[in-house]
>>> print(open('coords30.cif').read())   # mmCIF, C-alpha atoms
data_input
#
loop_
_atom_site.label_atom_id
_atom_site.label_comp_id
_atom_site.auth_asym_id
_atom_site.auth_seq_id
_atom_site.Cartn_x
_atom_site.Cartn_y
_atom_site.Cartn_z
CA MET A 232 -20.05 -16.74 21.92
CA ASN A 233 -17.16 -17.93 19.81
CA PHE A 234 -17.00 -15.06 17.34
CA ASN A 235 -13.34 -14.10 17.61
CA ARG A 236 -12.22 -17.66 18.12
CA TYR A 237 -8.53 -16.99 17.58
CA ILE A 238 -8.34 -14.53 20.47
CA THR A 239 -10.40 -15.99 23.26
CA GLU A 240 -10.12 -15.18 26.93
CA ALA A 241 -9.43 -18.82 27.83
CA GLU A 242 -6.42 -19.15 25.52
CA PHE A 243 -4.95 -15.87 26.65
CA SER A 244 -5.87 -16.22 30.29
CA GLU A 245 -2.66 -14.58 31.46
CA LEU A 246 -3.38 -11.47 29.40
CA ALA A 247 -7.03 -11.49 30.51
CA ALA A 248 -5.91 -11.77 34.16
CA PHE A 249 -3.56 -8.81 33.63
CA ILE A 250 -6.39 -6.73 32.17
CA ARG A 251 -8.62 -7.70 35.11
CA ARG A 252 -5.91 -6.55 37.54
CA GLU A 253 -4.82 -3.40 35.76
CA GLY A 254 -7.85 -2.44 33.68
CA VAL A 255 -10.21 0.37 34.49
CA VAL A 256 -13.93 -0.36 34.28
CA ARG A 257 -15.60 1.87 31.74
CA ARG A 258 -19.28 1.86 30.94
CA PHE A 259 -20.50 2.50 27.40
CA ALA A 260 -24.04 3.48 26.49
CA ARG A 261 -25.51 2.08 23.29
CA GLY A 262 -23.89 3.88 20.35
CA GLU A 263 -20.99 5.25 22.40
CA ARG A 264 -17.57 4.68 20.84
CA LEU A 265 -14.49 3.02 22.26
CA SER A 266 -12.59 4.44 19.28
CA GLY A 267 -13.39 6.42 16.15
CA GLN A 268 -12.48 5.98 12.52
CA GLY A 269 -9.72 8.36 11.52
CA LEU A 270 -8.59 8.85 15.12
CA ARG A 271 -5.65 7.25 16.87
CA ASN A 272 -6.80 4.51 19.21
CA HIS A 273 -4.89 4.31 22.48
CA ARG A 274 -6.98 1.74 24.37
CA CYS A 275 -7.99 -1.86 24.27
CA GLY A 276 -9.94 -3.94 26.70
CA LEU A 277 -11.83 -7.00 27.75
CA VAL A 278 -15.60 -6.88 27.28
CA VAL A 279 -17.18 -7.73 30.63
CA GLN A 280 -20.77 -7.23 29.55
CA GLY A 281 -22.40 -6.22 26.28
CA ALA A 282 -21.24 -6.16 22.69
CA PHE A 283 -19.38 -3.94 20.22
CA ARG A 284 -19.40 -3.61 16.46
CA TYR A 285 -16.48 -2.54 14.27
CA VAL A 286 -17.74 -0.21 11.51
CA HIS A 287 -15.97 1.37 8.55
CA ALA A 288 -17.64 4.30 6.79
CA ASP A 289 -16.61 4.58 3.14
CA ALA A 290 -16.15 7.83 1.17
CA ALA A 291 -19.86 7.84 0.25
CA GLY A 292 -20.80 7.56 3.94
CA GLU A 293 -22.06 3.99 3.69
CA GLU A 294 -21.27 1.98 6.80
CA HIS A 295 -19.79 -1.50 6.60
CA VAL A 296 -19.78 -3.77 9.63
CA VAL A 297 -16.43 -5.54 9.64
CA GLY A 298 -16.34 -7.20 13.06
CA TYR A 299 -17.78 -7.72 16.50
CA ALA A 300 -16.60 -8.24 20.07
CA PHE A 301 -18.80 -9.88 22.70
CA ALA A 302 -18.56 -10.52 26.45
CA GLY A 303 -15.34 -12.35 27.32
CA GLU A 304 -13.58 -11.16 24.17
CA PHE A 305 -10.91 -8.55 23.60
CA VAL A 306 -11.93 -5.27 21.99
CA GLY A 307 -9.87 -2.53 20.38
CA ASP A 308 -8.18 -1.48 17.17
CA TYR A 309 -4.90 -3.29 17.73
CA ILE A 310 -3.20 -1.95 14.60
CA SER A 311 -4.05 1.67 15.37
CA MET A 312 -3.00 1.28 18.99
CA ARG A 313 0.28 -0.56 18.38
CA ASN A 314 1.38 1.53 15.37
CA ASP A 315 -0.05 4.89 16.51
CA VAL A 316 -1.89 5.40 13.21
CA PRO A 317 -5.47 6.55 12.55
CA ALA A 318 -8.04 3.78 12.92
CA TRP A 319 -9.83 2.43 9.86
CA VAL A 320 -12.88 1.60 11.97
CA SER A 321 -15.08 2.97 14.69
CA ILE A 322 -15.80 0.60 17.55
CA GLU A 323 -19.19 1.27 19.07
CA ALA A 324 -21.33 -0.30 21.77
CA MET A 325 -24.32 -2.23 20.43
CA CYS A 326 -26.00 -2.03 23.84
CA ASP A 327 -25.12 -0.79 27.30
CA SER A 328 -21.73 -2.40 27.91
CA ARG A 329 -18.88 -2.61 30.39
CA VAL A 330 -15.23 -2.97 29.42
CA LEU A 331 -12.05 -3.29 31.44
CA THR A 332 -9.88 -0.83 29.51
CA LEU A 333 -6.14 -0.58 29.32
CA THR A 334 -3.89 1.90 27.51
CA GLY A 335 -1.66 0.72 24.72
CA GLU A 336 1.30 2.05 26.70
CA ARG A 337 0.42 -0.14 29.69
CA LEU A 338 -0.04 -3.17 27.43
CA GLU A 339 3.38 -2.53 25.89
CA LYS A 340 4.98 -2.45 29.37
CA PHE A 341 3.29 -5.77 30.13
CA TYR A 342 4.71 -7.33 26.94
CA ARG A 343 8.20 -6.02 27.78
CA THR A 344 8.20 -7.62 31.24
CA ASP A 345 10.03 -10.74 30.06
CA ALA A 346 10.43 -13.15 27.15
CA ALA A 347 7.24 -15.07 28.01
CA HIS A 348 5.16 -11.90 27.85
CA GLU A 349 6.85 -10.90 24.58
CA ARG A 350 5.88 -14.32 23.16
CA LEU A 351 2.31 -13.79 24.36
CA GLY A 352 2.19 -10.45 22.52
CA ARG A 353 3.52 -12.10 19.38
CA THR A 354 0.98 -14.91 19.74
CA VAL A 355 -1.88 -12.40 20.02
CA ALA A 356 -0.71 -10.75 16.79
CA GLU A 357 -0.33 -14.14 15.06
CA HIS A 358 -3.82 -15.21 16.07
CA MET A 359 -5.27 -11.94 14.78
CA LEU A 360 -3.45 -12.50 11.50
CA ALA A 361 -4.87 -16.04 11.28
CA GLU A 362 -8.41 -14.71 11.80
CA ILE A 363 -7.98 -12.02 9.16
CA TYR A 364 -6.36 -14.45 6.72
CA GLU A 365 -9.21 -16.93 7.13
CA ARG A 366 -11.80 -14.21 6.54
CA LEU A 367 -9.93 -13.02 3.45
CA LEU A 368 -9.79 -16.53 2.01
CA GLN A 369 -13.45 -17.14 2.81
CA SER A 370 -14.38 -13.98 0.93
CA TYR A 371 -12.75 -15.46 -2.18
CA VAL A 372 -13.54 -19.16 -1.98
CA SER A 373 -16.79 -19.48 0.01
CA THR A 374 -20.25 -18.53 -1.15
CA PRO A 375 -22.23 -16.09 1.00
CA GLN A 376 -24.41 -19.00 2.10
CA GLU A 377 -21.36 -21.02 3.18
CA ARG A 378 -20.04 -18.01 5.13
CA TYR A 379 -23.45 -17.56 6.78
CA GLU A 380 -23.76 -21.23 7.73
CA SER A 381 -20.18 -21.33 9.04
CA LEU A 382 -20.74 -18.22 11.15
CA LEU A 383 -23.97 -19.56 12.66
CA ALA A 384 -22.36 -22.92 13.40
CA ARG A 385 -19.60 -21.10 15.30
CA CYS A 386 -21.95 -18.54 16.93
CA PRO A 387 -25.42 -20.06 17.28
CA GLY A 388 -26.79 -17.12 19.32
CA LEU A 389 -25.56 -14.45 16.93
CA LEU A 390 -28.97 -13.73 15.40
CA GLU A 391 -30.28 -12.80 18.84
CA LEU A 392 -27.60 -10.09 19.20
CA VAL A 393 -27.03 -8.76 15.69
CA PRO A 394 -29.67 -7.20 13.41
CA LEU A 395 -29.94 -8.90 10.01
CA ARG A 396 -28.98 -5.69 8.18
CA GLU A 397 -25.66 -5.63 10.09
CA LEU A 398 -25.09 -9.33 9.57
CA ALA A 399 -25.60 -8.82 5.82
CA SER A 400 -23.01 -6.04 5.90
CA PHE A 401 -20.57 -8.25 7.79
CA LEU A 402 -21.04 -11.06 5.24
CA GLY A 403 -20.61 -8.60 2.36
CA VAL A 404 -24.09 -9.08 0.89
CA ARG A 405 -27.26 -7.02 0.56
CA PRO A 406 -30.00 -7.58 3.15
CA GLU A 407 -32.24 -9.05 0.40
CA THR A 408 -29.56 -11.62 -0.43
CA LEU A 409 -29.27 -12.61 3.22
CA SER A 410 -33.06 -13.02 3.39
CA ARG A 411 -32.95 -15.42 0.40
CA ILE A 412 -30.06 -17.34 2.01
CA ARG A 413 -31.99 -17.64 5.29
CA ARG A 414 -35.05 -19.00 3.45
CA ARG A 415 -32.91 -21.66 1.72
CA VAL A 416 -31.15 -22.67 4.94
CA ARG A 417 -34.29 -23.10 7.04
#
>>> encode(input="coords30.cif", output="structure tokens")
Amino acid sequence: MNFNRYITEAEFSELAAFIRREGVVRRFARGERLSGQGLRNHRCGLVVQGAFRYVHADAAGEEHVVGYAFAGEFVGDYISMRNDVPAWVSIEAMCDSRVLTLTGERLEKFYRTDAAHERLGRTVAEHMLAEIYERLLQSYVSTPQERYESLLARCPGLLELVPLRELASFLGVRPETLSRIRRRVR
């Protein structure tokens, strides 16, 4: 899967190797949370098996899917962890999953090891910013159909893992709109 293409395990192999060495295996049952909205997140990890969704519940209680993490990808609320602020999202397992987890404190020590590790930390943050910036621009300049087609081109197996209702939420459209888009694209 190439969902979070800016922060892939291959590109950040040194960080992934560190997490493999230092991380603690934690199993998550479907629906179990790695972190909760409104709580401070103190962990991140590398998804070994399974998948996670990032969900924001608005004031009316409606849930909005804002991201995913799949096997081989990093998972965690980086902003909450690094800045010690309450998370804007809950991160929950979509199925039984395994993650190599690491505390934010341990990650910080890794980054402070030397200049190369500091650069790696900066690069991770820059890549996250690039991903967020691209999504922001797409929300303004791309039609929902273009966003859907782009996402499926990048992640051809996504429909096998993500329910259409969640995918509609992620794309910022109603499920009925996504159904119409899917009929046109076929």
>>> axis_aligned_box(input="coords30.cif", around="segment 373-378 of chain A", padding_each_side="8 Å", output="lines of an AutoDock Vina configuration file")
center_x = -20.6
center_y = -18.6
center_z = 2.0
size_x = 23.6
size_y = 20.9
size_z = 22.3
>>> resolve_selection(input="coords30.cif", expression="the PyMOL selection byres ((chain A and resi 375) around 12)", output="ChimeraX atom specification")
/A:366,369-374,376-382,398-406,408-413,416
>>> residues_around(input="coords30.cif", residues="segment 269-273 of chain A", least_positions_apart="6", cutoff="12 Å", atoms="all atoms listed in the file", output="PyMOL selection string")
chain A and resi 286-289+306-322+332-339
>>> residues_around(input="coords30.cif", residues="Cys326 of chain A", least_positions_apart="3", cutoff="12 Å", atoms="only C-alpha atoms", output="list in words")
Arg258, Phe259, Ala260, Arg261, Gly262, Glu263, Arg264, Val278, Gln280, Gly281, Ala282, Phe283, Arg284, Ala300, Phe301, Ala302, Glu323, Arg329, Leu392 and Val393 of chain A
>>> write_last_selection(input="coords30.cif", atoms="C-alpha atoms", output="mmCIF file, in the coordinates of the input")
data_model
loop_
_atom_site.group_PDB
_atom_site.id
_atom_site.type_symbol
_atom_site.label_atom_id
_atom_site.label_comp_id
_atom_site.auth_asym_id
_atom_site.auth_seq_id
_atom_site.Cartn_x
_atom_site.Cartn_y
_atom_site.Cartn_z
ATOM 1 C CA ARG A 258 -19.280 1.860 30.940
ATOM 2 C CA PHE A 259 -20.500 2.500 27.400
ATOM 3 C CA ALA A 260 -24.040 3.480 26.490
ATOM 4 C CA ARG A 261 -25.510 2.080 23.290
ATOM 5 C CA GLY A 262 -23.890 3.880 20.350
ATOM 6 C CA GLU A 263 -20.990 5.250 22.400
ATOM 7 C CA ARG A 264 -17.570 4.680 20.840
ATOM 8 C CA VAL A 278 -15.600 -6.880 27.280
ATOM 9 C CA GLN A 280 -20.770 -7.230 29.550
ATOM 10 C CA GLY A 281 -22.400 -6.220 26.280
ATOM 11 C CA ALA A 282 -21.240 -6.160 22.690
ATOM 12 C CA PHE A 283 -19.380 -3.940 20.220
ATOM 13 C CA ARG A 284 -19.400 -3.610 16.460
ATOM 14 C CA ALA A 300 -16.600 -8.240 20.070
ATOM 15 C CA PHE A 301 -18.800 -9.880 22.700
ATOM 16 C CA ALA A 302 -18.560 -10.520 26.450
ATOM 17 C CA GLU A 323 -19.190 1.270 19.070
ATOM 18 C CA ARG A 329 -18.880 -2.610 30.390
ATOM 19 C CA LEU A 392 -27.600 -10.090 19.200
ATOM 20 C CA VAL A 393 -27.030 -8.760 15.690
#
>>> atom_distance(input="coords30.cif", atom1="atom CA of Glu397 of chain A", atom2="atom CA of Val296 of chain A")
6.2 Å
>>> atom_distance(input="coords30.cif", atom1="atom CA of Gly352 of chain A", atom2="atom CA of Ala384 of chain A")
29.0 Å
>>> closest_residue(input="coords30.cif", among="A:Ala346, A:Val255, A:Leu368, A:Leu383", to="Leu277 of chain A", atoms="all atoms listed in the file")
A:Val255
>>> atom_distance(input="coords30.cif", atom1="atom CA of Val355 of chain A", atom2="atom CA of Glu391 of chain A")
28.4 Å
>>> decode(input="coords30.cif", residues="segment 360-374 of chain A", atoms="all heavy atoms", output="compact mmCIF listing (two decimals), in the first residue's frame")
# COMPACT_ATOMS: atom_id res chain seq x y z
N LEU A 360 4.52 17.44 6.43
CA LEU A 360 4.00 18.72 5.97
C LEU A 360 3.66 18.66 4.48
O LEU A 360 2.61 19.16 4.06
CB LEU A 360 5.01 19.84 6.23
CG LEU A 360 4.62 21.22 5.70
CD1 LEU A 360 3.34 21.71 6.35
CD2 LEU A 360 5.76 22.20 5.92
N ALA A 361 4.50 18.04 3.69
CA ALA A 361 4.24 17.92 2.25
C ALA A 361 2.95 17.14 1.99
O ALA A 361 2.14 17.52 1.14
CB ALA A 361 5.42 17.25 1.55
N GLU A 362 2.74 16.07 2.74
CA GLU A 362 1.52 15.27 2.59
C GLU A 362 0.28 16.10 2.95
O GLU A 362 -0.70 16.11 2.22
CB GLU A 362 1.60 14.04 3.50
CG GLU A 362 0.40 13.14 3.44
CD GLU A 362 0.53 12.01 2.45
OE1 GLU A 362 1.66 11.63 2.10
OE2 GLU A 362 -0.52 11.50 2.02
N ILE A 363 0.36 16.80 4.04
CA ILE A 363 -0.77 17.61 4.50
C ILE A 363 -1.04 18.75 3.52
O ILE A 363 -2.18 19.04 3.18
CB ILE A 363 -0.52 18.13 5.92
CG1 ILE A 363 -0.54 16.96 6.90
CG2 ILE A 363 -1.53 19.19 6.32
CD1 ILE A 363 0.05 17.28 8.25
N TYR A 364 0.03 19.37 3.04
CA TYR A 364 -0.11 20.48 2.09
C TYR A 364 -0.77 20.00 0.79
O TYR A 364 -1.68 20.64 0.26
CB TYR A 364 1.26 21.09 1.82
CG TYR A 364 1.23 22.30 0.92
CD1 TYR A 364 0.60 23.47 1.33
CD2 TYR A 364 1.84 22.28 -0.32
CE1 TYR A 364 0.58 24.59 0.52
CE2 TYR A 364 1.82 23.40 -1.14
CZ TYR A 364 1.19 24.54 -0.72
OH TYR A 364 1.16 25.64 -1.53
N GLU A 365 -0.33 18.84 0.31
CA GLU A 365 -0.93 18.30 -0.91
C GLU A 365 -2.41 18.01 -0.71
O GLU A 365 -3.24 18.33 -1.57
CB GLU A 365 -0.21 17.02 -1.34
CG GLU A 365 -0.80 16.43 -2.61
CD GLU A 365 -0.08 15.17 -3.04
OE1 GLU A 365 1.16 15.17 -3.06
OE2 GLU A 365 -0.78 14.19 -3.36
N ARG A 366 -2.76 17.41 0.43
CA ARG A 366 -4.18 17.13 0.70
C ARG A 366 -4.99 18.41 0.80
O ARG A 366 -6.13 18.47 0.33
CB ARG A 366 -4.33 16.29 1.97
CG ARG A 366 -3.93 14.85 1.70
CD ARG A 366 -4.40 13.87 2.72
NE ARG A 366 -5.79 14.00 3.06
CZ ARG A 366 -6.27 13.65 4.25
NH1 ARG A 366 -5.48 13.19 5.19
NH2 ARG A 366 -7.56 13.77 4.50
N LEU A 367 -4.43 19.44 1.42
CA LEU A 367 -5.13 20.72 1.52
C LEU A 367 -5.37 21.30 0.13
O LEU A 367 -6.49 21.71 -0.20
CB LEU A 367 -4.32 21.71 2.36
CG LEU A 367 -4.89 23.12 2.45
CD1 LEU A 367 -6.21 23.12 3.21
CD2 LEU A 367 -3.88 24.06 3.10
N LEU A 368 -4.34 21.32 -0.69
CA LEU A 368 -4.50 21.85 -2.05
C LEU A 368 -5.51 21.04 -2.85
O LEU A 368 -6.34 21.60 -3.57
CB LEU A 368 -3.15 21.89 -2.77
CG LEU A 368 -2.17 22.94 -2.27
CD1 LEU A 368 -0.86 22.83 -3.04
CD2 LEU A 368 -2.75 24.34 -2.40
N GLN A 369 -5.43 19.71 -2.74
CA GLN A 369 -6.39 18.88 -3.46
C GLN A 369 -7.82 19.17 -3.04
O GLN A 369 -8.73 19.13 -3.88
CB GLN A 369 -6.09 17.39 -3.25
CG GLN A 369 -4.95 16.87 -4.05
CD GLN A 369 -4.73 15.38 -3.84
OE1 GLN A 369 -5.25 14.79 -2.90
NE2 GLN A 369 -3.95 14.78 -4.72
N SER A 370 -8.03 19.47 -1.77
CA SER A 370 -9.39 19.76 -1.31
C SER A 370 -9.94 21.03 -1.95
O SER A 370 -11.15 21.19 -2.08
CB SER A 370 -9.44 19.86 0.21
OG SER A 370 -8.84 21.05 0.67
N TYR A 371 -9.05 21.93 -2.38
CA TYR A 371 -9.48 23.17 -3.01
C TYR A 371 -9.53 23.09 -4.53
O TYR A 371 -10.38 23.71 -5.15
CB TYR A 371 -8.55 24.34 -2.63
CG TYR A 371 -8.79 24.86 -1.23
CD1 TYR A 371 -7.92 24.55 -0.21
CD2 TYR A 371 -9.90 25.65 -0.95
CE1 TYR A 371 -8.14 25.03 1.07
CE2 TYR A 371 -10.13 26.13 0.33
CZ TYR A 371 -9.24 25.81 1.34
OH TYR A 371 -9.47 26.27 2.60
N VAL A 372 -8.60 22.37 -5.14
CA VAL A 372 -8.48 22.45 -6.59
C VAL A 372 -8.90 21.19 -7.34
O VAL A 372 -9.04 21.23 -8.55
CB VAL A 372 -7.04 22.83 -7.02
CG1 VAL A 372 -6.63 24.16 -6.42
CG2 VAL A 372 -6.04 21.75 -6.63
N SER A 373 -9.11 20.09 -6.64
CA SER A 373 -9.49 18.84 -7.31
C SER A 373 -10.95 18.52 -7.00
O SER A 373 -11.43 18.77 -5.89
CB SER A 373 -8.63 17.67 -6.83
OG SER A 373 -7.28 17.90 -7.13
N THR A 374 -11.62 17.95 -7.97
CA THR A 374 -13.00 17.51 -7.73
C THR A 374 -12.96 16.23 -6.89
O THR A 374 -11.92 15.54 -6.83
CB THR A 374 -13.71 17.20 -9.06
OG1 THR A 374 -13.08 16.05 -9.66
CG2 THR A 374 -13.68 18.38 -10.02
